[in-house]
4 protein chains.
Amino acid sequence: MIRVAILGGSGYTALELMKILLHHPHVEIAAVTTRQETKEGTPLVSELHPILARRLDLRCEPFDPDRLVAQGVQCAFGCLPHGVSMSCIGPLLERGLRVIDLSADYRLRDANVYAQWYGESHHDLAHLAQAVYGLPEVYGEELPSAQLVANPGCYPQTAILGLAPLVAGRLVDLKDILIDSKSGVSGAGRTPKLTTHFPECNESVTAYGVGHHRHTPEIEQVLSDIAGEPVEVIFTPHLIPMDRGIFTTIYAKPTRSVQEPQLLELYREYYAKAPFVRVKTNVPATKDTWGTNFLDVTVRVVRGRILILAAEDNLVRGASGVAVQNFNRMYGFPETTALL
Amino acid sequence: MIRVAILGGSGYTALELMKILLHHPHVEIAAVTTRQETKEGTPLVSELHPILARRLDLRCEPFDPDRLVAQGVQCAFGCLPHGVSMSCIGPLLERGLRVIDLSADYRLRDANVYAQWYGESHHDLAHLAQAVYGLPEVYGEELPSAQLVANPGCYPQTAILGLAPLVAGRLVDLKDILIDSKSGVSGAGRTPKLTTHFPECNESVTAYGVGHHRHTPEIEQVLSDIAGEPVEVIFTPHLIPMDRGIFTTIYAKPTRSVQEPQLLELYREYYAKAPFVRVKTNVPATKDTWGTNFLDVTVRVVRGRILILAAEDNLVRGASGVAVQNFNRMYGFPETTALL
Amino acid sequence: MIRVAILGGSGYTALELMKILLHHPHVEIAAVTTRQETKEGTPLVSELHPILARRLDLRCEPFDPDRLVAQGVQCAFGCLPHGVSMSCIGPLLERGLRVIDLSADYRLRDANVYAQWYGESHHDLAHLAQAVYGLPEVYGEELPSAQLVANPGCYPQTAILGLAPLVAGRLVDLKDILIDSKSGVSGAGRTPKLTTHFPECNESVTAYGVGHHRHTPEIEQVLSDIAGEPVEVIFTPHLIPMDRGIFTTIYAKPTRSVQEPQLLELYREYYAKAPFVRVKTNVPATKDTWGTNFLDVTVRVVRGRILILAAEDNLVRGASGVAVQNFNRMYGFPETTALL
Amino acid sequence: MIRVAILGGSGYTALELMKILLHHPHVEIAAVTTRQETKEGTPLVSELHPILARRLDLRCEPFDPDRLVAQGVQCAFGCLPHGVSMSCIGPLLERGLRVIDLSADYRLRDANVYAQWYGESHHDLAHLAQAVYGLPEVYGEELPSAQLVANPGCYPQTAILGLAPLVAGRLVDLKDILIDSKSGVSGAGRTPKLTTHFPECNESVTAYGVGHHRHTPEIEQVLSDIAGEPVEVIFTPHLIPMDRGIFTTIYAKPTRSVQEPQLLELYREYYAKAPFVRVKTNVPATKDTWGTNFLDVTVRVVRGRILILAAEDNLVRGASGVAVQNFNRMYGFPETTALL
């Protein structure tokens, strides 16, 4: 039984994580931390998330590394905002805990790139250097020995897994990749804003972060790893009036003549050992991934261009599900434990 | 041409009001006030509401009664929050303007009732006394001479117009009336809150203000006027994941034996001269009132109880549409001007 | 390991049931039947429900009682439409299978009542007489020995469990009970109709079945059992633009003076041993029951009337979750198995 | 006063058209045809569309060209399905009526292209040859003398108007244009199907018609006209869980170095006389076009690629609004009549 802590328990990824971990036969949720306060002190988990009443009747606690150690916590899942995360993770690592960080703080290998896209300096360079990017289908071999895993972003997973077989085989022009994503609103977090106020975003579609969304360098870093040379993408996310789900449409230019059946076969082979990537003949729909850790993908050839269509649940596969998939690999449990 | 001002231009009722008034052949929108500021000073109306670009290219201004007078404004529509409204309306009335106030500040005749339900003292008693409650189907005769009209609440209109024919004829027990309302989220205003954050209220239904919603005394005041004796109701509003629309289901106990066809006939007669009340044979749906000033209503007898089912668009009939209907009556224009 | 069959695998309750049963440690889904045909014959389960790909890779089969017996099926879950169900269940019972029927066919004890509300004669009276109404909180003692369980309707559970403590204690007038329910669209099934066509029901609320919804006699039968004398209710369902969830607001008249704290205490005691009824201090929201088998309920006293507010997920607690809860009780497994 | 007829009154475009025409000072809706039947014969318009009760109290009639002539109808708006439309329009043209056809039947100049994409032969070649494609911003000069106007498709307008300034100036590679569109469900029409059944398409995004959507040749035909040489596009539509609205994201490759401010200026000049194209600095949102005839567009340069972002209301600008805009131009009324 691994005793785990959830850091930053009030958001949507923390909720989803707790729901999954409650089904994990080898996990005990020993602590949930929060900066929120009620009159009685820290709230119960079920006060933050009433859906968890009778399933996780635990009182939250303030973040305190020594207390977590004293509670026998072996592994922490970080659900803190970026910037905050890099102040909290180091002390845990120094006390010997393993950490799966769901924030963006340890995803970008180059601190300058982080500073450029996130607008602030990285101040935990020591641990940044040791972080493993937690995409099991790509870096799975590094997970068993990792102490710090940077859990991947929601959008990047659809883009990376959608393109990996093509990029690995150099089948597409690495400088002519267009990624058009559509996401439900939970991806924007739980803090109320005008753009996520129901009567503003319901019955509406818009694009945001055009040309400067922070997931761009993350996508490029991993695809460049896979390709072995620099990959450059244009990434355009859109906000869709639904709770969850990401649908990503990718346009790539083949470097030689390709046909749909061969491409589908290539994808099936590439993901033959990946239990959570379903290569489909039909076009995916986000609803068919709802609440699951699956990434559904298909590929089409249209007028000489390759189109990749991928769908996932942004809170499960896009965040908390893949975090547990990483956890399973780190601790040697079957990869699908608690995830089917 | 009547020159009008909109006070508090940033919210949903102000937007809806401007959309309607732009179609009014006898109205010129001379001023829109706001407390919001941008770097350039007060914003353009189209910065608050991009949908109005090319339709109302006007810069907002701070609220200043003398300036409104100087601009030749004759009538002001107040779209300010309750509490704020009663500080702004008086100075306009004293300068001779007519006012249609969409806030709750002048709806409750008794300042003690106001204090009890709104949690603060009323501090404009002088003008409170002269306000006409702006429900044209009930107080229509008082509108031509009114200087201050208290525009009715969204929920109350469905309850009052749904019950008026029965209460007027003393056909139901005046102490046994249950009003169960379902409203879209725009009724909660434009200020972001956790309860109206998309991923919280989408795909969910809940009740709120159970037993203490502020529209309760408003409903009772008007129904008591109609009945000529005190009426008491239980009112339960629910939040529905849609932009706009109110559906109200009312349960009343008949004082004598009644039958559906006679009741429908009673309703049709009662509203024979009301252009915006559609007495239907079928059950209404809020979608059939979308964007219109109609209140749709039908009546059923079920196991000896009378059920009234009413639907409206909360932003039009429930607020800005009826405000223009009031305006039309105040100035002697045909009641349906700009509203069909 | 109990080998089970799902009869009528194409609908939403069948899908939900399979998702739950896949987590059940003592269940093997041995067969799924369907009347649907593809070019290749009966479809794969994952063709009916792509979300189940890689989780239940099974080909459907036509309904054939002998084949089910040959496959070693011990228990069947009926997800067939009413009317169809009563033709299929008998042959299974006669072959010794136990059956949990999610249709309405075996819920109403009196075949005349069935004929009156469902518009057709009941033609399996023999088995009707032996059916146990599968509401574990009320008839739980009868489940271990039941061969045929009539799984309860979605709306009735909110009404019955919401009222049971009051009705059992004769605390309310049994002839003055008003039940106002709001349901998501999945309750209407998976067959496309104009009323459930997205642009018709999205952004709209309406009532339906006013005065003649078929769940009315079901509610009354069970509440009368609990009260020991006839109970009569008025039940009004409404269609809400969301996938799933039922919120029920109940208005009852107390027979003596009551206060909120005592009522809440009464509810807590009444449901002290019911793992899936959460008596709440706050008003429930359907979202807090999403995907769970919980029924959340609270109670309020407003102007001398008792208001009960209850929420559930109509597909889980309202159908497939409670079916598994019944199954657990029938076979002696812990009641919450596969349901937390 | 022009007497007009609506052919095929039961769908969403017909409804939207009637709502707009009711505000047109020079139009009288003389007839609405339908193939639907009730027990009393053809239904009232308000039976097809309850929202129109009290606004258009007219009984529908079967389609009969001679009767329309006898009623003095001068202009017909065709809201019939493609394939049906080309059987009905000819007889009207032969009787001297002018026709604005909202179906796809007269949009594609080349009957072979029609046959290839629509899967059936065109059988009204005579009139096809005379049809004017009704995009006022492009073919506006031909409208005053047109007898038959082929009203443009919803998606094509966003693509064509989004690209016109670039294509006209040969600023982009005409063979490397990617069009990624997101549409609300009303675009799929009013006939219930599984894909538009609420619980299927709500809370989901998917692509459809990938590589073979029928609007592709329409987009190419018009852009080729504008460019003066063949243009080829890849067009991918997606279904979004909302009633209405289209958001289109276009990726084009510049033929020379471009900068955002110059491009925005180019767009502003190109559309200087187009009252319904709003060139914006901010990214558009479909909600800001809701119920209007505006097409909102902006342009961005991202890593050397041009991105065009356009939004419209698919039922107004995308269908019925532009139909009235065409009508206004055909009859010499101010272009914005009934549309602001």
# chains A, B, ... in the order shown; residues from 1 in each chain; ligands from 1

call {"tool": "interface_residues", "arguments": {"of": "chain B", "to": "chain D", "cutoff": "6 Å", "atoms": "only C-alpha atoms", "output": "PyMOL selection string"}}
result
chain B and resi 50-51+288-289

call {"tool": "residues_around", "arguments": {"residues": "Ser183 in chain C", "least_positions_apart": "3", "cutoff": "9 Å", "atoms": "only C-alpha atoms", "output": "list in words"}}
result
Val205 of chain B; Tyr155, Ser186, Gly187, Pro237, His238, Leu239, Ile240, Pro241, Met242, Asp243, Arg244, Gly245, Ile246, Phe247, Thr248 and Asn314 of chain C

call {"tool": "residues_around", "arguments": {"residues": "Val138 in chain A", "least_positions_apart": "5", "cutoff": "12 Å", "atoms": "only C-alpha atoms", "output": "CSV table (one decimal) with N, CA, C and O atoms, in the first residue's frame"}}
result
chain,number,residue,atom,x,y,z
A,132,VAL,N,11.3,13.8,-15.2
A,132,VAL,CA,11.0,13.0,-16.4
A,132,VAL,C,9.6,13.5,-16.9
A,132,VAL,O,8.7,13.6,-16.1
A,133,TYR,N,9.5,13.7,-18.2
A,133,TYR,CA,8.2,14.1,-18.8
A,133,TYR,C,7.3,12.9,-18.8
A,133,TYR,O,7.6,11.9,-19.5
A,143,LEU,N,10.3,6.0,-16.3
A,143,LEU,CA,9.5,6.2,-15.2
A,143,LEU,C,9.8,5.4,-13.9
A,143,LEU,O,9.7,5.9,-12.8
A,152,PRO,N,2.1,15.5,-18.1
A,152,PRO,CA,2.0,16.3,-19.4
A,152,PRO,C,0.7,17.1,-19.4
A,152,PRO,O,-0.2,16.9,-18.7
A,157,GLN,N,-0.8,16.1,-25.1
A,157,GLN,CA,-1.0,14.7,-25.3
A,157,GLN,C,-1.7,14.3,-26.6
A,157,GLN,O,-1.3,13.4,-27.3
A,160,ILE,N,0.9,15.3,-29.4
A,160,ILE,CA,2.1,14.4,-29.5
A,160,ILE,C,1.7,13.0,-29.9
A,160,ILE,O,2.3,12.4,-30.8
A,161,LEU,N,0.7,12.4,-29.2
A,161,LEU,CA,0.4,11.0,-29.5
A,161,LEU,C,-0.2,11.0,-30.9
A,161,LEU,O,-0.1,10.0,-31.6
A,163,LEU,N,0.7,12.7,-33.5
A,163,LEU,CA,1.8,12.9,-34.5
A,163,LEU,C,2.9,11.9,-34.3
A,163,LEU,O,3.7,11.8,-35.3
A,164,ALA,N,3.1,11.3,-33.2
A,164,ALA,CA,4.3,10.5,-32.9
A,164,ALA,C,4.7,9.5,-34.0
A,164,ALA,O,5.8,9.5,-34.5
A,165,PRO,N,3.7,8.7,-34.5
A,165,PRO,CA,4.1,7.7,-35.5
A,165,PRO,C,4.6,8.4,-36.7
A,165,PRO,O,5.5,7.8,-37.4
A,168,ALA,N,8.1,10.1,-35.8
A,168,ALA,CA,9.2,9.1,-35.6
A,168,ALA,C,9.7,8.6,-36.9
A,168,ALA,O,10.9,8.4,-37.0
A,222,VAL,N,8.7,17.7,-27.1
A,222,VAL,CA,8.6,16.2,-27.1
A,222,VAL,C,8.6,15.7,-28.5
A,222,VAL,O,9.3,14.7,-28.8
A,223,LEU,N,8.0,16.4,-29.5
A,223,LEU,CA,8.0,15.9,-30.9
A,223,LEU,C,9.5,16.0,-31.4
A,223,LEU,O,9.9,15.2,-32.2
A,224,SER,N,10.2,17.0,-30.9
A,224,SER,CA,11.6,17.1,-31.4
A,224,SER,C,12.4,15.9,-30.8
A,224,SER,O,13.3,15.4,-31.5
A,225,ASP,N,12.1,15.5,-29.6
A,225,ASP,CA,12.8,14.3,-29.0
A,225,ASP,C,12.5,13.1,-29.9
A,225,ASP,O,13.4,12.3,-30.2
A,226,ILE,N,11.2,13.0,-30.3
A,226,ILE,CA,10.8,11.8,-31.0
A,226,ILE,C,11.5,11.8,-32.4
A,226,ILE,O,11.9,10.8,-32.9
A,227,ALA,N,11.5,13.0,-33.0
A,227,ALA,CA,12.0,13.1,-34.4
A,227,ALA,C,13.5,13.1,-34.4
A,227,ALA,O,14.1,12.7,-35.4
A,270,TYR,N,2.6,1.1,-34.1
A,270,TYR,CA,3.3,2.0,-33.2
A,270,TYR,C,2.7,1.9,-31.8
A,270,TYR,O,3.4,2.0,-30.8
A,271,TYR,N,1.4,1.8,-31.7
A,271,TYR,CA,0.7,1.8,-30.4
A,271,TYR,C,0.3,0.3,-30.0
A,271,TYR,O,-0.6,0.2,-29.1
A,273,LYS,N,1.5,-1.8,-28.1
A,273,LYS,CA,1.7,-2.1,-26.7
A,273,LYS,C,1.2,-1.0,-25.8
A,273,LYS,O,1.5,-1.0,-24.6
A,274,ALA,N,0.5,0.0,-26.3
A,274,ALA,CA,-0.1,1.1,-25.5
A,274,ALA,C,-1.5,0.8,-25.2
A,274,ALA,O,-2.4,1.0,-26.0
A,326,ASN,N,1.2,7.0,-14.9
A,326,ASN,CA,2.6,7.3,-14.6
A,326,ASN,C,3.0,6.6,-13.2
A,326,ASN,O,4.0,6.0,-13.1

call {"tool": "select_by_dssp", "arguments": {"residues": "range 77-286 of chain B", "states": "strand (DSSP E or B)", "output": "JSON, numbers by chain"}}
result
{"B": [77, 78, 98, 99, 100, 101, 132, 133, 148, 149, 150, 172, 173, 174, 175, 176, 177, 178, 179, 180, 181, 182, 183, 197, 206, 207, 233, 234, 235, 236, 237, 238, 239, 246, 247, 248, 249, 250, 251, 252, 253, 254, 277, 278, 279, 285]}

call {"tool": "select_by_dssp", "arguments": {"residues": "range 42-276 of chain C", "states": "alpha helix (DSSP H)", "output": "number ranges by chain"}}
result
C: 45-48, 65-70, 85-94, 111-118, 125-128, 136-139, 154-168, 198-201, 215-227, 260-270
